[in-house]
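S.K.: Enclosed is the structure file target.cif (mmCIF, N, CA and C atoms).
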```cif
data_work
loop_
_atom_site.label_atom_id
_atom_site.label_comp_id
_atom_site.auth_asym_id
_atom_site.auth_seq_id
_atom_site.Cartn_x
_atom_site.Cartn_y
_atom_site.Cartn_z
N MET A 1 -12.39 9.26 0.35
CA MET A 1 -12.40 9.80 1.71
C MET A 1 -11.17 10.69 1.95
N LEU A 2 -10.07 10.40 1.29
CA LEU A 2 -8.88 11.26 1.43
C LEU A 2 -9.17 12.65 0.88
N GLY A 3 -9.81 12.69 -0.28
CA GLY A 3 -10.12 13.96 -0.91
C GLY A 3 -11.01 14.85 -0.05
N GLU A 4 -11.89 14.22 0.72
CA GLU A 4 -12.77 14.97 1.61
C GLU A 4 -12.01 15.58 2.78
N ARG A 5 -10.77 15.15 2.98
CA ARG A 5 -9.97 15.60 4.12
C ARG A 5 -8.72 16.37 3.69
N GLY A 6 -8.79 16.96 2.51
CA GLY A 6 -7.72 17.85 2.08
C GLY A 6 -6.53 17.19 1.43
N VAL A 7 -6.62 15.91 1.11
CA VAL A 7 -5.54 15.22 0.40
C VAL A 7 -5.98 15.08 -1.05
N GLU A 8 -5.19 15.62 -1.96
CA GLU A 8 -5.53 15.54 -3.37
C GLU A 8 -5.11 14.20 -3.94
N VAL A 9 -6.06 13.46 -4.49
CA VAL A 9 -5.77 12.19 -5.14
C VAL A 9 -5.50 12.49 -6.61
N GLU A 10 -4.27 12.26 -7.04
CA GLU A 10 -3.86 12.59 -8.40
C GLU A 10 -4.08 11.44 -9.37
N ALA A 11 -3.93 10.19 -8.91
CA ALA A 11 -4.08 9.03 -9.78
C ALA A 11 -4.40 7.80 -8.94
N VAL A 12 -5.13 6.88 -9.54
CA VAL A 12 -5.49 5.62 -8.89
C VAL A 12 -5.18 4.48 -9.86
N SER A 13 -4.47 3.47 -9.38
CA SER A 13 -4.16 2.32 -10.22
C SER A 13 -5.39 1.45 -10.40
N SER A 14 -5.26 0.47 -11.24
CA SER A 14 -6.27 -0.59 -11.32
C SER A 14 -6.28 -1.34 -10.00
N ALA A 15 -7.33 -2.10 -9.78
CA ALA A 15 -7.37 -3.01 -8.64
C ALA A 15 -6.69 -4.31 -9.06
N TYR A 16 -5.95 -4.91 -8.13
CA TYR A 16 -5.25 -6.17 -8.39
C TYR A 16 -5.73 -7.19 -7.38
N GLU A 17 -6.16 -8.34 -7.88
CA GLU A 17 -6.55 -9.45 -7.01
C GLU A 17 -5.30 -10.25 -6.69
N THR A 18 -5.04 -10.44 -5.40
CA THR A 18 -3.80 -11.09 -5.00
C THR A 18 -4.06 -12.14 -3.94
N GLU A 19 -3.24 -13.17 -3.99
CA GLU A 19 -3.37 -14.21 -2.98
C GLU A 19 -2.84 -13.68 -1.65
N PRO A 20 -3.37 -14.19 -0.55
CA PRO A 20 -2.89 -13.74 0.76
C PRO A 20 -1.42 -14.09 0.97
N VAL A 21 -0.72 -13.23 1.65
CA VAL A 21 0.66 -13.49 2.08
C VAL A 21 0.73 -13.16 3.57
N GLY A 22 1.71 -13.71 4.23
CA GLY A 22 1.88 -13.41 5.65
C GLY A 22 1.47 -14.56 6.54
N GLU A 23 0.92 -14.22 7.68
CA GLU A 23 0.67 -15.21 8.73
C GLU A 23 -0.65 -15.95 8.59
N VAL A 24 -1.62 -15.42 7.83
CA VAL A 24 -2.94 -16.05 7.68
C VAL A 24 -3.18 -16.27 6.19
N LEU A 25 -2.95 -17.49 5.72
CA LEU A 25 -3.07 -17.78 4.30
C LEU A 25 -4.43 -18.35 3.92
N ASP A 26 -5.15 -18.92 4.88
CA ASP A 26 -6.46 -19.52 4.62
C ASP A 26 -7.55 -18.45 4.72
N GLN A 27 -7.65 -17.64 3.67
CA GLN A 27 -8.63 -16.56 3.62
C GLN A 27 -8.83 -16.16 2.17
N PRO A 28 -9.88 -15.40 1.88
CA PRO A 28 -10.12 -14.99 0.49
C PRO A 28 -8.99 -14.10 -0.03
N ASP A 29 -8.94 -13.99 -1.35
CA ASP A 29 -7.97 -13.10 -1.99
C ASP A 29 -8.20 -11.66 -1.55
N PHE A 30 -7.17 -10.86 -1.70
CA PHE A 30 -7.22 -9.44 -1.38
C PHE A 30 -7.37 -8.64 -2.68
N LEU A 31 -7.87 -7.42 -2.55
CA LEU A 31 -7.81 -6.44 -3.63
C LEU A 31 -6.81 -5.38 -3.20
N ASN A 32 -5.86 -5.09 -4.08
CA ASN A 32 -4.83 -4.10 -3.79
C ASN A 32 -4.82 -3.05 -4.89
N ALA A 33 -4.48 -1.85 -4.52
CA ALA A 33 -4.34 -0.75 -5.47
C ALA A 33 -3.37 0.25 -4.87
N ALA A 34 -2.92 1.17 -5.70
CA ALA A 34 -2.05 2.25 -5.24
C ALA A 34 -2.66 3.57 -5.69
N ILE A 35 -2.41 4.59 -4.90
CA ILE A 35 -2.84 5.93 -5.28
C ILE A 35 -1.65 6.87 -5.16
N ARG A 36 -1.65 7.87 -6.04
CA ARG A 36 -0.66 8.93 -5.95
C ARG A 36 -1.39 10.17 -5.43
N ILE A 37 -0.84 10.77 -4.40
CA ILE A 37 -1.51 11.90 -3.75
C ILE A 37 -0.60 13.12 -3.72
N CYS A 38 -1.21 14.24 -3.41
CA CYS A 38 -0.49 15.48 -3.11
C CYS A 38 -1.04 15.96 -1.78
N THR A 39 -0.17 16.22 -0.82
CA THR A 39 -0.62 16.64 0.50
C THR A 39 0.42 17.53 1.17
N ASP A 40 -0.07 18.38 2.05
CA ASP A 40 0.81 19.18 2.89
C ASP A 40 0.97 18.55 4.27
N LEU A 41 0.29 17.41 4.51
CA LEU A 41 0.38 16.75 5.81
C LEU A 41 1.77 16.19 6.05
N GLU A 42 2.19 16.25 7.28
CA GLU A 42 3.44 15.59 7.68
C GLU A 42 3.20 14.07 7.66
N PRO A 43 4.26 13.26 7.52
CA PRO A 43 4.08 11.81 7.38
C PRO A 43 3.22 11.17 8.48
N GLU A 44 3.47 11.48 9.74
CA GLU A 44 2.69 10.82 10.80
C GLU A 44 1.25 11.33 10.84
N ALA A 45 1.01 12.56 10.44
CA ALA A 45 -0.36 13.06 10.35
C ALA A 45 -1.10 12.34 9.22
N LEU A 46 -0.40 12.06 8.11
CA LEU A 46 -0.99 11.31 7.02
C LEU A 46 -1.28 9.87 7.46
N LEU A 47 -0.37 9.28 8.23
CA LEU A 47 -0.61 7.95 8.79
C LEU A 47 -1.86 7.96 9.67
N ASP A 48 -1.98 8.96 10.53
CA ASP A 48 -3.16 9.07 11.41
C ASP A 48 -4.44 9.17 10.58
N LEU A 49 -4.40 9.92 9.51
CA LEU A 49 -5.57 10.05 8.65
C LEU A 49 -5.94 8.70 8.05
N GLY A 50 -4.95 7.98 7.56
CA GLY A 50 -5.21 6.64 7.01
C GLY A 50 -5.82 5.71 8.04
N LYS A 51 -5.30 5.72 9.25
CA LYS A 51 -5.83 4.85 10.32
C LYS A 51 -7.26 5.25 10.68
N ALA A 52 -7.55 6.55 10.66
CA ALA A 52 -8.91 7.00 10.96
C ALA A 52 -9.88 6.52 9.88
N ILE A 53 -9.47 6.58 8.63
CA ILE A 53 -10.32 6.10 7.54
C ILE A 53 -10.53 4.59 7.65
N GLU A 54 -9.47 3.84 7.98
CA GLU A 54 -9.62 2.40 8.20
C GLU A 54 -10.67 2.12 9.26
N ALA A 55 -10.61 2.83 10.38
CA ALA A 55 -11.56 2.63 11.47
C ALA A 55 -12.98 2.97 11.02
N GLU A 56 -13.14 4.04 10.26
CA GLU A 56 -14.46 4.42 9.76
C GLU A 56 -15.03 3.35 8.85
N ARG A 57 -14.17 2.61 8.17
CA ARG A 57 -14.59 1.54 7.27
C ARG A 57 -14.70 0.19 7.97
N GLY A 58 -14.57 0.19 9.30
CA GLY A 58 -14.82 -1.04 10.06
C GLY A 58 -13.61 -1.85 10.46
N ARG A 59 -12.42 -1.34 10.27
CA ARG A 59 -11.23 -2.09 10.69
C ARG A 59 -11.07 -1.96 12.19
N THR A 60 -10.80 -3.08 12.83
CA THR A 60 -10.56 -3.08 14.27
C THR A 60 -9.08 -3.36 14.52
N LEU A 61 -8.59 -2.82 15.61
CA LEU A 61 -7.17 -2.97 15.93
C LEU A 61 -6.84 -4.29 16.60
N ASP A 62 -7.85 -5.03 17.03
CA ASP A 62 -7.59 -6.27 17.77
C ASP A 62 -7.54 -7.50 16.87
N ALA A 63 -7.62 -7.33 15.56
CA ALA A 63 -7.59 -8.47 14.64
C ALA A 63 -6.17 -9.05 14.54
N THR A 64 -6.10 -10.32 14.21
CA THR A 64 -4.82 -11.00 14.00
C THR A 64 -4.10 -10.35 12.82
N ARG A 65 -2.78 -10.19 12.96
CA ARG A 65 -1.97 -9.62 11.88
C ARG A 65 -2.17 -10.42 10.60
N HIS A 66 -2.35 -9.72 9.47
CA HIS A 66 -2.53 -10.29 8.14
C HIS A 66 -3.88 -11.01 7.96
N SER A 67 -4.80 -10.84 8.89
CA SER A 67 -6.12 -11.47 8.76
C SER A 67 -7.01 -10.62 7.85
N PRO A 68 -8.17 -11.15 7.44
CA PRO A 68 -9.08 -10.36 6.60
C PRO A 68 -9.45 -9.05 7.28
N ARG A 69 -9.58 -8.01 6.48
CA ARG A 69 -9.94 -6.69 7.00
C ARG A 69 -10.63 -5.91 5.89
N PRO A 70 -11.54 -5.03 6.25
CA PRO A 70 -12.27 -4.30 5.22
C PRO A 70 -11.39 -3.30 4.45
N LEU A 71 -10.37 -2.78 5.09
CA LEU A 71 -9.51 -1.79 4.45
C LEU A 71 -8.17 -1.74 5.18
N ASP A 72 -7.10 -1.63 4.39
CA ASP A 72 -5.75 -1.52 4.95
C ASP A 72 -5.02 -0.45 4.13
N ILE A 73 -4.71 0.66 4.76
CA ILE A 73 -4.01 1.75 4.08
C ILE A 73 -2.58 1.78 4.58
N ASP A 74 -1.65 1.63 3.65
CA ASP A 74 -0.22 1.70 3.97
C ASP A 74 0.40 2.89 3.26
N LEU A 75 1.29 3.58 3.95
CA LEU A 75 2.10 4.61 3.32
C LEU A 75 3.35 3.93 2.80
N LEU A 76 3.56 3.97 1.51
CA LEU A 76 4.68 3.27 0.89
C LEU A 76 5.84 4.20 0.61
N LEU A 77 5.55 5.31 -0.02
CA LEU A 77 6.54 6.32 -0.38
C LEU A 77 5.90 7.67 -0.17
N LEU A 78 6.70 8.64 0.19
CA LEU A 78 6.19 10.00 0.32
C LEU A 78 7.27 10.93 -0.22
N GLY A 79 7.24 11.11 -1.54
CA GLY A 79 8.28 11.90 -2.20
C GLY A 79 9.64 11.29 -1.93
N GLY A 80 10.59 12.13 -1.63
CA GLY A 80 11.94 11.66 -1.34
C GLY A 80 12.21 11.48 0.14
N ILE A 81 11.16 11.45 0.95
CA ILE A 81 11.33 11.36 2.41
C ILE A 81 11.84 10.00 2.83
N GLU A 82 12.86 9.99 3.65
CA GLU A 82 13.33 8.79 4.33
C GLU A 82 13.13 9.05 5.82
N LEU A 83 12.42 8.14 6.49
CA LEU A 83 12.00 8.37 7.87
C LEU A 83 11.92 7.04 8.59
N SER A 84 12.30 7.04 9.85
CA SER A 84 12.14 5.85 10.68
C SER A 84 11.79 6.30 12.09
N THR A 85 10.53 6.05 12.48
CA THR A 85 10.06 6.33 13.83
C THR A 85 9.48 5.05 14.39
N LYS A 86 8.99 5.10 15.62
CA LYS A 86 8.35 3.92 16.21
C LYS A 86 7.11 3.50 15.43
N ARG A 87 6.45 4.47 14.79
CA ARG A 87 5.18 4.20 14.12
C ARG A 87 5.27 4.06 12.61
N LEU A 88 6.32 4.61 12.02
CA LEU A 88 6.33 4.72 10.56
C LEU A 88 7.74 4.66 10.02
N THR A 89 7.91 3.88 8.95
CA THR A 89 9.16 3.84 8.22
C THR A 89 8.85 4.15 6.76
N LEU A 90 9.56 5.11 6.21
CA LEU A 90 9.43 5.48 4.79
C LEU A 90 10.80 5.47 4.14
N PRO A 91 10.91 4.91 2.96
CA PRO A 91 9.92 4.10 2.28
C PRO A 91 9.53 2.88 3.12
N HIS A 92 8.35 2.34 2.83
CA HIS A 92 7.89 1.15 3.54
C HIS A 92 8.96 0.07 3.39
N PRO A 93 9.32 -0.62 4.47
CA PRO A 93 10.43 -1.57 4.41
C PRO A 93 10.22 -2.76 3.46
N GLN A 94 8.98 -3.06 3.10
CA GLN A 94 8.73 -4.21 2.22
C GLN A 94 8.28 -3.80 0.82
N VAL A 95 8.44 -2.53 0.49
CA VAL A 95 7.96 -2.06 -0.81
C VAL A 95 8.64 -2.78 -1.97
N THR A 96 9.88 -3.18 -1.83
CA THR A 96 10.60 -3.83 -2.94
C THR A 96 10.46 -5.34 -2.95
N THR A 97 9.78 -5.91 -1.97
CA THR A 97 9.71 -7.37 -1.87
C THR A 97 8.31 -7.95 -2.08
N ARG A 98 7.36 -7.10 -2.35
CA ARG A 98 5.98 -7.57 -2.47
C ARG A 98 5.41 -7.21 -3.84
N ARG A 99 5.14 -8.25 -4.60
CA ARG A 99 4.59 -8.10 -5.94
C ARG A 99 3.27 -7.33 -5.91
N PHE A 100 2.43 -7.58 -4.88
CA PHE A 100 1.13 -6.92 -4.80
C PHE A 100 1.25 -5.42 -4.52
N VAL A 101 2.42 -4.98 -4.09
CA VAL A 101 2.70 -3.56 -3.90
C VAL A 101 3.31 -2.98 -5.19
N LEU A 102 4.26 -3.69 -5.75
CA LEU A 102 4.99 -3.19 -6.91
C LEU A 102 4.12 -3.06 -8.16
N ALA A 103 3.25 -4.03 -8.41
CA ALA A 103 2.45 -3.99 -9.65
C ALA A 103 1.61 -2.72 -9.74
N PRO A 104 0.81 -2.38 -8.72
CA PRO A 104 0.03 -1.15 -8.86
C PRO A 104 0.88 0.13 -8.83
N LEU A 105 1.96 0.14 -8.05
CA LEU A 105 2.84 1.31 -8.04
C LEU A 105 3.43 1.57 -9.42
N LEU A 106 3.90 0.51 -10.06
CA LEU A 106 4.53 0.66 -11.37
C LEU A 106 3.52 0.98 -12.46
N GLU A 107 2.26 0.60 -12.25
CA GLU A 107 1.22 1.03 -13.21
C GLU A 107 1.11 2.55 -13.19
N LEU A 108 1.20 3.14 -12.02
CA LEU A 108 1.11 4.60 -11.90
C LEU A 108 2.34 5.31 -12.42
N ASP A 109 3.52 4.68 -12.25
CA ASP A 109 4.77 5.31 -12.69
C ASP A 109 5.81 4.23 -12.95
N PRO A 110 5.94 3.79 -14.21
CA PRO A 110 6.89 2.73 -14.54
C PRO A 110 8.35 3.05 -14.21
N ALA A 111 8.69 4.32 -14.05
CA ALA A 111 10.07 4.71 -13.75
C ALA A 111 10.29 4.99 -12.27
N LEU A 112 9.32 4.66 -11.43
CA LEU A 112 9.40 4.99 -10.00
C LEU A 112 10.63 4.37 -9.35
N ALA A 113 11.26 5.17 -8.49
CA ALA A 113 12.45 4.72 -7.77
C ALA A 113 12.37 5.19 -6.33
N LEU A 114 13.08 4.49 -5.46
CA LEU A 114 13.18 4.89 -4.06
C LEU A 114 14.14 6.07 -3.94
N PRO A 115 14.12 6.76 -2.81
CA PRO A 115 15.05 7.88 -2.64
C PRO A 115 16.52 7.50 -2.83
N ASP A 116 16.87 6.23 -2.56
CA ASP A 116 18.26 5.80 -2.73
C ASP A 116 18.59 5.43 -4.17
N GLY A 117 17.61 5.57 -5.09
CA GLY A 117 17.84 5.28 -6.50
C GLY A 117 17.40 3.89 -6.93
N THR A 118 17.02 3.02 -6.01
CA THR A 118 16.56 1.68 -6.37
C THR A 118 15.32 1.79 -7.25
N ARG A 119 15.42 1.25 -8.46
CA ARG A 119 14.28 1.27 -9.38
C ARG A 119 13.31 0.16 -9.03
N LEU A 120 12.03 0.51 -8.88
CA LEU A 120 11.04 -0.49 -8.49
C LEU A 120 10.80 -1.52 -9.59
N ALA A 121 10.97 -1.14 -10.85
CA ALA A 121 10.85 -2.12 -11.94
C ALA A 121 11.92 -3.19 -11.80
N ASP A 122 13.13 -2.81 -11.42
CA ASP A 122 14.20 -3.78 -11.21
C ASP A 122 13.88 -4.67 -10.02
N ALA A 123 13.31 -4.11 -8.96
CA ALA A 123 12.93 -4.91 -7.79
C ALA A 123 11.88 -5.94 -8.17
N LEU A 124 10.90 -5.56 -8.97
CA LEU A 124 9.87 -6.50 -9.42
C LEU A 124 10.47 -7.60 -10.26
N ALA A 125 11.35 -7.24 -11.18
CA ALA A 125 11.99 -8.23 -12.05
C ALA A 125 12.81 -9.23 -11.26
N SER A 126 13.36 -8.83 -10.14
CA SER A 126 14.22 -9.71 -9.35
C SER A 126 13.44 -10.66 -8.44
N LEU A 127 12.13 -10.50 -8.34
CA LEU A 127 11.35 -11.33 -7.41
C LEU A 127 11.21 -12.78 -7.85
N GLY A 128 11.24 -13.05 -9.13
CA GLY A 128 11.06 -14.42 -9.59
C GLY A 128 9.62 -14.87 -9.39
N PRO A 129 9.35 -16.17 -9.60
CA PRO A 129 7.98 -16.66 -9.49
C PRO A 129 7.50 -16.59 -8.04
N GLY A 130 6.21 -16.49 -7.88
CA GLY A 130 5.68 -16.42 -6.53
C GLY A 130 4.25 -15.95 -6.51
N GLU A 131 3.94 -15.10 -5.57
CA GLU A 131 2.57 -14.69 -5.32
C GLU A 131 1.83 -14.26 -6.58
N ARG A 132 0.58 -14.67 -6.66
CA ARG A 132 -0.28 -14.36 -7.80
C ARG A 132 -0.84 -12.95 -7.65
N VAL A 133 -0.66 -12.16 -8.71
CA VAL A 133 -1.18 -10.80 -8.75
C VAL A 133 -1.81 -10.62 -10.13
N GLU A 134 -3.15 -10.44 -10.15
CA GLU A 134 -3.86 -10.32 -11.42
C GLU A 134 -4.70 -9.05 -11.40
N CYS A 135 -4.71 -8.37 -12.53
CA CYS A 135 -5.55 -7.17 -12.63
C CYS A 135 -7.00 -7.62 -12.51
N ALA A 136 -7.73 -7.01 -11.58
CA ALA A 136 -9.12 -7.37 -11.32
C ALA A 136 -10.03 -6.62 -12.28
N PRO A 137 -11.19 -7.18 -12.57
CA PRO A 137 -12.10 -6.53 -13.52
C PRO A 137 -12.93 -5.40 -12.91
N ILE A 138 -12.41 -4.74 -11.87
CA ILE A 138 -13.13 -3.61 -11.29
C ILE A 138 -12.21 -2.41 -11.26
N ARG A 139 -12.78 -1.26 -11.16
CA ARG A 139 -12.00 -0.02 -11.06
C ARG A 139 -12.34 0.62 -9.75
N LEU A 140 -11.34 1.03 -8.99
CA LEU A 140 -11.58 1.67 -7.70
C LEU A 140 -11.85 3.14 -7.87
#
```
Show the structure stored in the file as structure tokens.
M.R.:
Amino acid sequence: MLGERGVEVEAVSSAYETEPVGEVLDQPDFLNAAIRICTDLEPEALLDLGKAIEAERGRTLDATRHSPRPLDIDLLLLGGIELSTKRLTLPHPQVTTRRFVLAPLLELDPALALPDGTRLADALASLGPGERVECAPIRL
């Protein structure tokens, strides 16, 4: 759907089956993936596009935080942009603390780093045991 709206999808990670984290743990596992894109959209316009696609896929805004949802699009990194507004923070504030985010990102680029130089591989290594993240037998 991004490609249909002028955003070039350059790469897509494998799908990862992950246990729920956050406020609602009694729910089915999630599927997570990362994509690398090329776009001329400004960060908040890209966020708006993601939210519009979520709505088209049946996501409602009145659901409990971290509850089951058909689609959740997060902007994690956007080149070297560092941004903090009421609606959007880049890099995503939890990008270095969530295994389900780091695994697919590092599949796309094992040397990926934040604008401040923090290597995401080092962040993943520092997490220790915890949330289950397994490569799923499907391709997105």
S.K.: For range 101-107 of chain A, work out the shell of residues within 6.5 Å, counting all atoms listed in the file and skipping chain neighbours fewer than 4 positions away, then give it as a list in words.
M.R.: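 In the requested form, the answer reads Ser13, Ser14, Ala33, Ala34, Val95, Ala111, Leu112 and Leu124 of chain A.
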S.K.: Could you tell me how far CA of Ile138 in chain A lies from CA of Arg119 in chain A, in Å and to one decimal?
M.R.: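 Between these atoms lies a distance of 27.9 Å.
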S.K.: What residues come out when you apply the PyMOL selection byres ((chain A and resi 52-57) around 7) to this file, written as a count of residues only?
M.R.: 12
S.K.: Could you jot down the CA of Leu108 in chain A to atom C of Ile35 in chain A separation for me, Å, one decimal place?
M.R.: 7.6 Å
S.K.: Chain A: which residues are helix (DSSP H, G or I) by DSSP, as a PyMOL selection string?
M.R.: chain A and resi 3-5+43-56+99-108+120-125
S.K.: Give me the result of the PyMOL selection byres (((chain A and resi 115-117 and name CA) around 12) and name CA) on this file, residue by residue, as a compact mmCIF listing (two decimals) with N, CA and C atoms, in the coordinates of the input.
M.R.:
```txt
# COMPACT_ATOMS: atom_id res chain seq x y z
N LEU A 76 3.56 3.97 1.51
CA LEU A 76 4.68 3.27 0.89
C LEU A 76 5.84 4.20 0.61
N LEU A 77 5.55 5.31 -0.02
CA LEU A 77 6.54 6.32 -0.38
C LEU A 77 5.90 7.67 -0.17
N LEU A 78 6.70 8.64 0.19
CA LEU A 78 6.19 10.00 0.32
C LEU A 78 7.27 10.93 -0.22
N GLY A 79 7.24 11.11 -1.54
CA GLY A 79 8.28 11.90 -2.20
C GLY A 79 9.64 11.29 -1.93
N GLY A 80 10.59 12.13 -1.63
CA GLY A 80 11.94 11.66 -1.34
C GLY A 80 12.21 11.48 0.14
N ILE A 81 11.16 11.45 0.95
CA ILE A 81 11.33 11.36 2.41
C ILE A 81 11.84 10.00 2.83
N GLU A 82 12.86 9.99 3.65
CA GLU A 82 13.33 8.79 4.33
C GLU A 82 13.13 9.05 5.82
N LEU A 83 12.42 8.14 6.49
CA LEU A 83 12.00 8.37 7.87
C LEU A 83 11.92 7.04 8.59
N LEU A 90 9.56 5.11 6.21
CA LEU A 90 9.43 5.48 4.79
C LEU A 90 10.80 5.47 4.14
N PRO A 91 10.91 4.91 2.96
CA PRO A 91 9.92 4.10 2.28
C PRO A 91 9.53 2.88 3.12
N HIS A 92 8.35 2.34 2.83
CA HIS A 92 7.89 1.15 3.54
C HIS A 92 8.96 0.07 3.39
N ALA A 111 8.69 4.32 -14.05
CA ALA A 111 10.07 4.71 -13.75
C ALA A 111 10.29 4.99 -12.27
N LEU A 112 9.32 4.66 -11.43
CA LEU A 112 9.40 4.99 -10.00
C LEU A 112 10.63 4.37 -9.35
N ALA A 113 11.26 5.17 -8.49
CA ALA A 113 12.45 4.72 -7.77
C ALA A 113 12.37 5.19 -6.33
N LEU A 114 13.08 4.49 -5.46
CA LEU A 114 13.18 4.89 -4.06
C LEU A 114 14.14 6.07 -3.94
N THR A 118 17.02 3.02 -6.01
CA THR A 118 16.56 1.68 -6.37
C THR A 118 15.32 1.79 -7.25
N ARG A 119 15.42 1.25 -8.46
CA ARG A 119 14.28 1.27 -9.38
C ARG A 119 13.31 0.16 -9.03
N LEU A 120 12.03 0.51 -8.88
CA LEU A 120 11.04 -0.49 -8.49
C LEU A 120 10.80 -1.52 -9.59
N ALA A 121 10.97 -1.14 -10.85
CA ALA A 121 10.85 -2.12 -11.94
C ALA A 121 11.92 -3.19 -11.80
N ASP A 122 13.13 -2.81 -11.42
CA ASP A 122 14.20 -3.78 -11.21
C ASP A 122 13.88 -4.67 -10.02
N ALA A 123 13.31 -4.11 -8.96
CA ALA A 123 12.93 -4.91 -7.79
C ALA A 123 11.88 -5.94 -8.17
```
S.K.: Can you list every residue of range 8-38 of chain A that has an atom at most 8 Å from range 131-136 of chain A, with its nearest atom pair and the distance in Å to one decimal, using only N, CA and C atoms, ordered by chain then number, as CSV?
M.R.:
```
residue,atom,partner,partner_atom,distance
A:Ser14,C,A:Ala136,N,6.1
A:Ala15,C,A:Ala136,N,3.8
A:Tyr16,CA,A:Ala136,N,4.1
A:Glu17,N,A:Glu134,C,3.9
A:Thr18,CA,A:Arg132,C,4.4
A:Glu19,N,A:Arg132,C,4.4
A:Pro20,N,A:Arg132,N,7.3
A:Val21,CA,A:Glu131,CA,7.7
A:Leu31,CA,A:Ala136,CA,7.9
A:Asn32,N,A:Ala136,N,8.0
```
S.K.: Measure the distance from atom N of Leu127 in chain A to CA of Arg99 in chain A in Å and round it to one decimal.
M.R.: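 Atom N of Leu127 in chain A sits 8.3 Å away from CA of Arg99 in chain A.
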S.K.: Per DSSP on the backbone, what are the strand (DSSP E or B) residues of chain A, as a ChimeraX atom specification?
M.R.: /A:8-12,16-18,30-32,35-38,83-84,89-90,113,119,133-135
S.K.: Counting all atoms listed in the file, which residue out of A:Cys38, A:Ala45, A:Asp26, A:Arg87 sits closest to Glu8 in chain A?
M.R.: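 Under the stated criterion, the closest residue is A:Cys38.
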S.K.: Tell me which protein, DNA and RNA residues are within 8 Å of Gly6 in chain A, counting only N, CA and C atoms, leaving out same-chain ones fewer than 6 positions away, and put them as a list in words.
M.R.: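 After dropping sequence-adjacent residues, the list is Cys38, Thr39, Asp40 and Leu41 of chain A.
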S.K.: Taking the structure I provided as the source, export range 81-85 of chain A with all heavy atoms, as a PDB file, in the first residue's frame.
M.R.:
```pdb
ATOM      1  N   ILE A  81      17.541  11.745  10.598  1.00  0.00           N
ATOM      2  CA  ILE A  81      16.658  12.741  11.222  1.00  0.00           C
ATOM      3  C   ILE A  81      16.483  12.468  12.704  1.00  0.00           C
ATOM      4  O   ILE A  81      16.190  11.345  13.115  1.00  0.00           O
ATOM      5  CB  ILE A  81      15.280  12.763  10.522  1.00  0.00           C
ATOM      6  CG1 ILE A  81      15.439  13.258   9.087  1.00  0.00           C
ATOM      7  CG2 ILE A  81      14.288  13.626  11.296  1.00  0.00           C
ATOM      8  CD1 ILE A  81      14.163  13.189   8.263  1.00  0.00           C
ATOM      9  N   GLU A  82      16.644  13.499  13.501  1.00  0.00           N
ATOM     10  CA  GLU A  82      16.291  13.481  14.915  1.00  0.00           C
ATOM     11  C   GLU A  82      15.188  14.516  15.079  1.00  0.00           C
ATOM     12  O   GLU A  82      15.355  15.671  14.694  1.00  0.00           O
ATOM     13  CB  GLU A  82      17.497  13.807  15.785  1.00  0.00           C
ATOM     14  CG  GLU A  82      18.577  12.732  15.698  1.00  0.00           C
ATOM     15  CD  GLU A  82      19.765  13.020  16.589  1.00  0.00           C
ATOM     16  OE1 GLU A  82      20.663  13.750  16.134  1.00  0.00           O
ATOM     17  OE2 GLU A  82      19.764  12.522  17.727  1.00  0.00           O
ATOM     18  N   LEU A  83      14.059  14.098  15.651  1.00  0.00           N
ATOM     19  CA  LEU A  83      12.869  14.937  15.697  1.00  0.00           C
ATOM     20  C   LEU A  83      12.068  14.608  16.943  1.00  0.00           C
ATOM     21  O   LEU A  83      11.977  13.450  17.338  1.00  0.00           O
ATOM     22  CB  LEU A  83      12.016  14.642  14.444  1.00  0.00           C
ATOM     23  CG  LEU A  83      10.664  15.318  14.323  1.00  0.00           C
ATOM     24  CD1 LEU A  83      10.848  16.784  13.952  1.00  0.00           C
ATOM     25  CD2 LEU A  83       9.825  14.614  13.274  1.00  0.00           C
ATOM     26  N   SER A  84      11.488  15.629  17.543  1.00  0.00           N
ATOM     27  CA  SER A  84      10.589  15.412  18.669  1.00  0.00           C
ATOM     28  C   SER A  84       9.464  16.434  18.588  1.00  0.00           C
ATOM     29  O   SER A  84       9.681  17.628  18.778  1.00  0.00           O
ATOM     30  CB  SER A  84      11.344  15.551  19.994  1.00  0.00           C
ATOM     31  OG  SER A  84      10.470  15.274  21.070  1.00  0.00           O
ATOM     32  N   THR A  85       8.259  15.939  18.256  1.00  0.00           N
ATOM     33  CA  THR A  85       7.065  16.779  18.223  1.00  0.00           C
ATOM     34  C   THR A  85       6.029  16.126  19.119  1.00  0.00           C
ATOM     35  O   THR A  85       6.255  15.055  19.678  1.00  0.00           O
ATOM     36  CB  THR A  85       6.504  16.914  16.787  1.00  0.00           C
ATOM     37  OG1 THR A  85       5.943  15.660  16.379  1.00  0.00           O
ATOM     38  CG2 THR A  85       7.568  17.374  15.808  1.00  0.00           C
TER      39      THR A  85
END
```
